Every structure is written in C-alpha cells, then in structure tokens.
Amino acid sequence: MDSLTQLTLGAAVGEATLGRKIGHRAILWGAIAGTLPDLDVFVPLGDAVADFTYHRSASHSLFVLALVTPLMAWLACRIHPRLAELRRQWMLMFYLVFATHVLLDSFTAYGTQIFWPLWTMPMTWSTLFIIDPAYTLPLLVGVIAALVMTRENNRGHLVNRFGLVASTLYLGWTIVAKTLVETRFEAALRAQSIEYEGLFTVPSPFNSVLWRAVVRTDGRYYEAFYSLFDGDAEIRFTPHTSRDELLAGLEQHWPAQRLRWFSKGFYAVAERDGKVVVSDLRMGVEPSYVFSFAVADISNPHPRPIKPIQLENSWQPGALMRVWRRIWDPAVGIDARTDAT
C-alpha cells in the first residue's frame with residue numbers, strides 16, 4: 001500500500017496496543033514502525049529488475065521483522081527509560097505493526113515475500129488497489145481523533161479502534177468482491193470458449209467496484225473489465241499478442257527469467273525501439289504498464305542480453321476519469337494513453 005496508508009495503519013495499531021498506557025508516544029512509534037519496512041526502496045540492489053523484485057522481500061518477512069522487533073523495543077526503552085518496564089508491550093506493539101504492514105501489502109497486486117527466506121513466492125491476493133481511500137480514511141479519522149481528543153477519557157482511543165474495525169471490514173468486503181467478479185469472469189470465459197492458462201483479477205484505481213482481469217494463454221493475453229454495477233452485461237475480452245519467441249536465447253538471462261517468475265506468468269513480451277521489453281501485466285492498463293523493462297537488444301540469431309532498463313509508462317492522469325465513468329457505464333472504454341473528454 002501507499003506510504004500514507006502504512007504510516008496511518010502503524011499509528012492506529014500503536015494507539016490500539018499501547019495508547020492508553022503511554023499516550024501519543026504509541027502513535028508516533030507506530031507510525032515510525034509502519035514506515036520502516038518500505039525504506040528498502042532506498043537500497044540499490046544492482047539493476048532495475050533486482051530493485052523491483054527484491055522490494056518487499058527480506059524487509060517484509062515475518063521472520064526478519066520478528067528479529068528486528070526486540071531491537072525496536074530496546075531503542076524505545078532507551079529513549080523512554082521510564083517506560084522500560086513495558087518492554088514486552090513495546091515488543092507486542094512493534095510486531096503487530098510490522099505484521100499488519102506486510103499482510104496488508106499482500107492484499108495488493110505487487111507481491112510480498114512474507115515468508116522469506118524459507119519460501120520466496122510473493123503473496124499477491126490482489127483485493128486492494130495500492131491506494132484506496134475507503135480503506136485509509138477510517139484509519140486516518142481514528143488516529144486524528146486519538147491525537148486531538150483528551151486523554152482524560154477513552155473516546156479518542158475508542159474512535160481509533162472503530163477506525164481499525166471499519167478498515168478491516170472493508171478489507172473483508174474486497175475479498176467478497178473479488179470472489180464475485182472472478183466467478184463472473186470465469187463464467188464469461190467458458191461462455192465465449194476462451195481457453196486460458198491463468199486468470200488474474202485486480203481492482204481498478206481507488207475503488208473496489210470496477211475490476212480488471214488479465215487472462216494469459218500461450219503467446220496471447222486478454223484484458224477485460226467488470227463493474228459490480230454491470231449486472232448481466234456481456235464481458236468483452238480484448239486479445240493482445242505477446243511475442244514470447246523474443247525470449248528465445250535468454251533462458252540464462254537473470255532479469256528476463258526473474259520477471260517471468262515474479263509476475264507469476266502474467267507478463268507480455270514486445271519489441272520496442274529495437275529492444276526486447278517484458279511488462280508485468282498485473283499493474284497498469286493496456287498498453288501502459290507500471291513495470292516494463294528492456295532486457296535485451298534485438299539481434300540475429302538471438303537477442304543480446306543487456307542490463308535491464310525500466311521504461312516510463314504513458315498513463316495519462318485524465319484517464320482516471322474514464323475509470324470513474326466505467327464504474328457506472330459498461331460502454332465506456334479504458335485506455336491509459338487517452339485523457340478523458
């Protein structure tokens with residue numbers, strides 16, 4: 001999730017765990033701990049693909065964070081010696097903040113290696129868009145209430161807890177919504193006799209009503225959208241070609257193979273400006289994807305491996321208005337390159 005959401009979630013968990021005992025310090029330390037795992041983005045790992053695929057690995061491991069927890073508790077007790085007797089409560093708070101951070105990230109499409117290093121497969125439950133105001137706002141209201149309301153009673157603390165409950169209920173709703181839309185997509189694929197190897201669904205920006213599906217087949221992929229307000233409207237699957245043959249000769253090229261693994265097979269291969277480009281189909285809208293990498297130069301008889309280069313996407317901010325219109329109208333098309341009119 002975005003940095004504001006993780007900071008706010010950490011602050012809310014901190015308040016819920018220790019707020020009544022240590023006051024605003026719980027919110028401050030919760031916010032710090034909620035931000036800490038994402039600082040790995042500032043650590044260069046050698047190339048663009050490594051930076052992309054190792055983010056949310058060790059820094060988001062439940063095991064690694066369990067080892068970091070006593071260090072954070074020690075630091076807090078050093079800074080607040082009068083609260084040193086609460087060391088166990090400090091540890092509980094820090095680990096709850098860490099655990100909720102990485103589990104929430106697992107509900108997005110990116111991929112979070114929460115069991116690293118025992119099992120490195122990224123978790124991609126993909127029920128939340130990376131920024132979802134409906135999830136964040138209840139947390140934000142609760143934290144602000146705990147900050148501004150008097151500590152002489154528990155009202156602010158209770159509002160904070162209500163915010164946590166509300167955001168958790170919304171998270172549960174997104175799981176239900178994903179189940180409903182996947183059932184619709186699967187039924188439509190059967191009705192249209194489309195054979196496929198994999199189906200990936202993800203909510204569109206800032207909501208959990210309009211969903212996007214990526215369907216992968218051999219050398220081809222389809223994109224479709226379905227809103228919970230579409231009812232029985234026909235789902236249109238738009239086919240696109242993936243030039244998988246361009247990866248021939250790159251079997252030992254780590255960036256190319258790493259992208260295929262990290263995307264769980266939901267990738268597209270294309271030629272662009274004389275280079276072999278691999279795009280992660282899970283994040284973005286055709287033809288503009290957040291994570292696209294040039295991994296080789298076109299040459300005969302096989303592509304020549306290069307150090308990967310991340311390409312800019314062509315998403316137009318005005319296209320977000322099309323997302324909003326598509327929620328209510330199945331006739332509206334979504335093209336990331338086109339501004340709304």
# chains A, B, ... in the order shown; residues from 1 in each chain; ligands from 1
$ select_by_dssp --residues "region 105-278 of chain A" --states "strand (DSSP E or B)" --output "NGL selection string"
:A and (112 or 123 or 198-203 or 210-217 or 220-227 or 238-241 or 267-272 or 275-278)
$ write_last_selection --atoms "C-alpha atoms" --output "tab-separated table (two decimals), in the first residue's frame"
chain	number	residue	atom	x	y	z
A	112	THR	CA	5.09	-9.54	-0.86
A	123	MET	CA	1.90	-13.22	-1.91
A	198	GLY	CA	-4.19	-18.25	-15.91
A	199	LEU	CA	-6.64	-15.59	-14.71
A	200	PHE	CA	-5.61	-12.62	-12.60
A	201	THR	CA	-8.06	-10.05	-11.24
A	202	VAL	CA	-7.26	-6.70	-9.65
A	203	PRO	CA	-9.37	-3.70	-8.61
A	210	LEU	CA	-14.58	-1.88	-11.00
A	211	TRP	CA	-12.25	-4.82	-11.60
A	212	ARG	CA	-9.77	-5.66	-14.32
A	213	ALA	CA	-8.96	-9.17	-15.49
A	214	VAL	CA	-5.84	-10.39	-17.26
A	215	VAL	CA	-6.16	-13.77	-18.97
A	216	ARG	CA	-2.95	-15.45	-20.13
A	217	THR	CA	-2.69	-18.03	-22.91
A	220	ARG	CA	-1.56	-14.18	-26.15
A	221	TYR	CA	-3.33	-12.40	-23.32
A	222	TYR	CA	-6.75	-10.84	-22.88
A	223	GLU	CA	-7.85	-7.81	-20.89
A	224	ALA	CA	-11.38	-7.22	-19.61
A	225	PHE	CA	-13.25	-5.06	-17.12
A	226	TYR	CA	-16.27	-5.76	-14.98
A	227	SER	CA	-18.10	-3.46	-12.58
A	238	THR	CA	-9.80	-7.81	-25.75
A	239	PRO	CA	-6.99	-10.00	-27.16
A	240	HIS	CA	-3.36	-8.89	-27.37
A	241	THR	CA	-0.27	-10.62	-28.66
A	267	TYR	CA	3.78	-10.91	-18.44
A	268	ALA	CA	3.90	-9.66	-22.01
A	269	VAL	CA	6.87	-9.57	-24.37
A	270	ALA	CA	7.20	-6.96	-27.09
A	271	GLU	CA	9.75	-5.32	-29.34
A	272	ARG	CA	10.17	-1.60	-28.72
A	275	LYS	CA	14.79	-3.88	-27.64
A	276	VAL	CA	13.03	-6.83	-26.04
A	277	VAL	CA	10.63	-5.47	-23.44
A	278	VAL	CA	8.98	-7.52	-20.68
$ closest_atom_pairs --of "region 81-196 of chain A" --to "region 39-62 of chain A" --cutoff "7 Å" --atoms "only C-alpha atoms" --output "CSV"
residue,atom,partner,partner_atom,distance
A:Ala99,CA,A:Leu62,CA,6.5
A:Val102,CA,A:His60,CA,5.6
A:Thr112,CA,A:Arg56,CA,5.1
A:Gln113,CA,A:Ser57,CA,4.7
A:Ile114,CA,A:Ser61,CA,4.2
A:Phe115,CA,A:Ser61,CA,5.5
A:Trp116,CA,A:Ser61,CA,5.3
$ write_last_selection --atoms "N, CA and C atoms" --output "mmCIF file, in the first residue's frame"
data_model
loop_
_atom_site.group_PDB
_atom_site.id
_atom_site.type_symbol
_atom_site.label_atom_id
_atom_site.label_comp_id
_atom_site.auth_asym_id
_atom_site.auth_seq_id
_atom_site.Cartn_x
_atom_site.Cartn_y
_atom_site.Cartn_z
ATOM 1 N N ALA A 99 3.613 -6.795 11.339
ATOM 2 C CA ALA A 99 2.820 -7.870 10.740
ATOM 3 C C ALA A 99 1.647 -7.317 9.941
ATOM 4 N N VAL A 102 2.956 -5.897 6.489
ATOM 5 C CA VAL A 102 3.282 -6.839 5.413
ATOM 6 C C VAL A 102 2.057 -7.622 4.966
ATOM 7 N N THR A 112 4.378 -9.739 -2.116
ATOM 8 C CA THR A 112 5.094 -9.535 -0.858
ATOM 9 C C THR A 112 5.606 -10.877 -0.352
ATOM 10 N N GLN A 113 6.919 -10.963 -0.147
ATOM 11 C CA GLN A 113 7.541 -12.237 0.232
ATOM 12 C C GLN A 113 7.551 -12.366 1.759
ATOM 13 N N ILE A 114 6.372 -12.593 2.328
ATOM 14 C CA ILE A 114 6.223 -12.556 3.780
ATOM 15 C C ILE A 114 6.891 -13.736 4.484
ATOM 16 N N PHE A 115 7.208 -14.800 3.742
ATOM 17 C CA PHE A 115 7.844 -15.965 4.366
ATOM 18 C C PHE A 115 9.328 -16.088 4.006
ATOM 19 N N TRP A 116 9.915 -15.028 3.443
ATOM 20 C CA TRP A 116 11.331 -15.022 3.095
ATOM 21 C C TRP A 116 12.152 -15.268 4.367
#
$ closest_residue --among "A:Gly163, A:Gly219, A:Pro205, A:Pro255" --to "Ile130 (chain A)" --atoms "only C-alpha atoms"
A:Pro205
$ residues_around --residues "His253 (chain A)" --least-positions-apart "5" --cutoff "9 Å" --atoms "only C-alpha atoms" --output "ChimeraX atom specification"
/A:258,295,305-306
$ residues_around --residues "Asn154 (chain A)" --least-positions-apart "3" --cutoff "12 Å" --atoms "only C-alpha atoms" --output "number ranges by chain"
A: 15-16, 19-21, 23, 145-151, 157-161
$ write_last_selection --atoms "C-alpha atoms" --output "PDB file, in the first residue's frame"
ATOM      1  CA  GLU A  15      -2.603   3.534  19.631  1.00  0.00           C
ATOM      2  CA  ALA A  16      -4.809   0.450  19.945  1.00  0.00           C
ATOM      3  CA  GLY A  19      -2.160   4.275  23.602  1.00  0.00           C
ATOM      4  CA  ARG A  20      -3.898   4.094  26.969  1.00  0.00           C
ATOM      5  CA  LYS A  21      -0.593   3.424  28.740  1.00  0.00           C
ATOM      6  CA  GLY A  23      -0.293   8.238  25.208  1.00  0.00           C
ATOM      7  CA  ALA A 145      -9.309  11.561  16.990  1.00  0.00           C
ATOM      8  CA  ALA A 146      -6.804   9.885  19.299  1.00  0.00           C
ATOM      9  CA  LEU A 147      -4.411  12.795  18.802  1.00  0.00           C
ATOM     10  CA  VAL A 148      -6.819  15.665  19.397  1.00  0.00           C
ATOM     11  CA  MET A 149      -9.223  14.266  21.979  1.00  0.00           C
ATOM     12  CA  THR A 150      -8.350  14.458  25.643  1.00  0.00           C
ATOM     13  CA  ARG A 151      -6.573  11.560  27.314  1.00  0.00           C
ATOM     14  CA  HIS A 157      -8.934   5.655  21.779  1.00  0.00           C
ATOM     15  CA  LEU A 158     -12.332   4.112  21.018  1.00  0.00           C
ATOM     16  CA  VAL A 159     -12.714   6.114  17.792  1.00  0.00           C
ATOM     17  CA  ASN A 160      -9.301   4.815  16.741  1.00  0.00           C
ATOM     18  CA  ARG A 161     -10.422   1.255  17.412  1.00  0.00           C
TER      19      ARG A 161
END
$ atom_distance --atom1 "CA of Leu189 (chain A)" --atom2 "CA of Ala233 (chain A)"
13.8 Å
$ atom_distance --atom1 "CA of Gly172 (chain A)" --atom2 "CA of Thr124 (chain A)"
15.6 Å
$ atom_distance --atom1 "CA of Thr174 (chain A)" --atom2 "CA of Phe262 (chain A)"
23.4 Å
$ closest_residue --among "A:Asp329, A:Glu186, A:Glu312, A:Asp297" --to "Gly231 (chain A)" --atoms "only C-alpha atoms"
A:Asp329
$ closest_residue --among "A:Ile309, A:Leu9, A:Val165, A:Ile235" --to "Ala188 (chain A)" --atoms "only C-alpha atoms"
A:Ile235
$ residues_around --residues "His101 (chain A)" --least-positions-apart "5" --cutoff "10 Å" --atoms "only C-alpha atoms" --output "MDAnalysis selection string"
chainID A and resid 1 5:7 9:10 33:38 60 95:96 106
$ select_by_dssp --residues "region 64-272 of chain A" --states "helix (DSSP H, G or I)" --output "PyMOL selection string"
chain A and resi 64-79+81-106+133-148+155-191+244-247+254-262
$ residues_around --residues "Thr69 (chain A)" --least-positions-apart "4" --cutoff "8 Å" --atoms "only C-alpha atoms" --output "number ranges by chain"
A: 65, 73, 91, 94-95
$ closest_residue --among "A:Val181, A:Ala11, A:Leu228, A:Leu247" --to "His302 (chain A)" --atoms "only C-alpha atoms"
A:Leu247
$ residues_around --residues "Gln310 (chain A)" --least-positions-apart "2" --cutoff "7 Å" --atoms "only C-alpha atoms" --output "list in words"
Ala48, Phe291, Ser292, Phe293, Ala294, Pro308 and Glu312 of chain A
$ closest_residue --among "A:Phe98, A:Trp29, A:Phe162, A:Tyr170" --to "Gly142 (chain A)" --atoms "only C-alpha atoms"
A:Phe162
$ decode --residues "region 243-277 of chain A" --atoms "N, CA and C atoms" --output "compact mmCIF listing (two decimals), in the first residue's frame"
# COMPACT_ATOMS: atom_id res chain seq x y z
N ARG A 243 4.85 -11.51 -27.70
CA ARG A 243 5.87 -12.13 -28.57
C ARG A 243 6.86 -12.93 -27.72
N ASP A 244 6.36 -14.02 -27.17
CA ASP A 244 7.17 -14.84 -26.27
C ASP A 244 8.41 -15.39 -26.95
N GLU A 245 8.36 -15.52 -28.28
CA GLU A 245 9.52 -16.06 -29.01
C GLU A 245 10.75 -15.18 -28.88
N LEU A 246 10.57 -13.90 -28.54
CA LEU A 246 11.70 -13.00 -28.38
C LEU A 246 12.58 -13.37 -27.18
N LEU A 247 12.04 -14.19 -26.28
CA LEU A 247 12.82 -14.61 -25.11
C LEU A 247 13.70 -15.81 -25.42
N ALA A 248 13.58 -16.36 -26.63
CA ALA A 248 14.46 -17.47 -27.02
C ALA A 248 15.91 -17.01 -26.99
N GLY A 249 16.74 -17.76 -26.32
CA GLY A 249 18.14 -17.40 -26.18
C GLY A 249 18.41 -16.62 -24.91
N LEU A 250 17.35 -16.25 -24.18
CA LEU A 250 17.52 -15.50 -22.93
C LEU A 250 17.21 -16.38 -21.71
N GLU A 251 17.25 -17.69 -21.89
CA GLU A 251 16.90 -18.60 -20.80
C GLU A 251 17.83 -18.45 -19.60
N GLN A 252 19.06 -18.02 -19.84
CA GLN A 252 20.03 -17.85 -18.76
C GLN A 252 20.20 -16.39 -18.34
N HIS A 253 19.39 -15.52 -18.95
CA HIS A 253 19.49 -14.09 -18.62
C HIS A 253 18.61 -13.83 -17.40
N TRP A 254 19.24 -13.56 -16.25
CA TRP A 254 18.53 -13.49 -14.99
C TRP A 254 17.38 -12.48 -15.00
N PRO A 255 17.55 -11.26 -15.49
CA PRO A 255 16.43 -10.30 -15.45
C PRO A 255 15.19 -10.80 -16.17
N ALA A 256 15.36 -11.41 -17.35
CA ALA A 256 14.21 -11.89 -18.11
C ALA A 256 13.49 -13.00 -17.37
N GLN A 257 14.25 -13.96 -16.86
CA GLN A 257 13.64 -15.07 -16.16
C GLN A 257 13.06 -14.64 -14.82
N ARG A 258 13.70 -13.69 -14.16
CA ARG A 258 13.21 -13.19 -12.88
C ARG A 258 11.86 -12.51 -13.05
N LEU A 259 11.68 -11.75 -14.11
CA LEU A 259 10.41 -11.09 -14.36
C LEU A 259 9.30 -12.10 -14.64
N ARG A 260 9.61 -13.15 -15.36
CA ARG A 260 8.61 -14.19 -15.63
C ARG A 260 8.18 -14.84 -14.32
N TRP A 261 9.14 -15.07 -13.42
CA TRP A 261 8.82 -15.69 -12.14
C TRP A 261 8.03 -14.75 -11.24
N PHE A 262 8.49 -13.51 -11.13
CA PHE A 262 7.88 -12.57 -10.20
C PHE A 262 6.45 -12.24 -10.61
N SER A 263 6.19 -12.17 -11.90
CA SER A 263 4.85 -11.85 -12.40
C SER A 263 3.92 -13.05 -12.37
N LYS A 264 4.44 -14.19 -11.96
CA LYS A 264 3.66 -15.44 -11.89
C LYS A 264 3.05 -15.81 -13.25
N GLY A 265 3.80 -15.50 -14.29
CA GLY A 265 3.37 -15.85 -15.64
C GLY A 265 2.51 -14.80 -16.32
N PHE A 266 2.14 -13.74 -15.61
CA PHE A 266 1.31 -12.69 -16.20
C PHE A 266 2.20 -11.57 -16.72
N TYR A 267 2.85 -11.86 -17.84
CA TYR A 267 3.78 -10.91 -18.44
C TYR A 267 3.52 -10.86 -19.95
N ALA A 268 3.98 -9.80 -20.56
CA ALA A 268 3.90 -9.66 -22.01
C ALA A 268 5.28 -9.32 -22.54
N VAL A 269 5.58 -9.83 -23.72
CA VAL A 269 6.87 -9.57 -24.37
C VAL A 269 6.60 -8.81 -25.66
N ALA A 270 7.37 -7.77 -25.89
CA ALA A 270 7.20 -6.96 -27.09
C ALA A 270 8.54 -6.45 -27.56
N GLU A 271 8.58 -6.01 -28.81
CA GLU A 271 9.75 -5.32 -29.34
C GLU A 271 9.47 -3.83 -29.36
N ARG A 272 10.38 -3.05 -28.77
CA ARG A 272 10.17 -1.60 -28.72
C ARG A 272 11.51 -0.92 -28.95
N ASP A 273 11.60 -0.17 -30.02
CA ASP A 273 12.82 0.58 -30.35
C ASP A 273 14.04 -0.34 -30.40
N GLY A 274 13.85 -1.50 -30.98
CA GLY A 274 14.97 -2.43 -31.15
C GLY A 274 15.35 -3.19 -29.89
N LYS A 275 14.49 -3.17 -28.88
CA LYS A 275 14.79 -3.88 -27.64
C LYS A 275 13.65 -4.84 -27.28
N VAL A 276 14.01 -5.89 -26.57
CA VAL A 276 13.03 -6.83 -26.04
C VAL A 276 12.53 -6.28 -24.71
N VAL A 277 11.23 -6.07 -24.62
CA VAL A 277 10.63 -5.47 -23.44
C VAL A 277 9.69 -6.47 -22.78
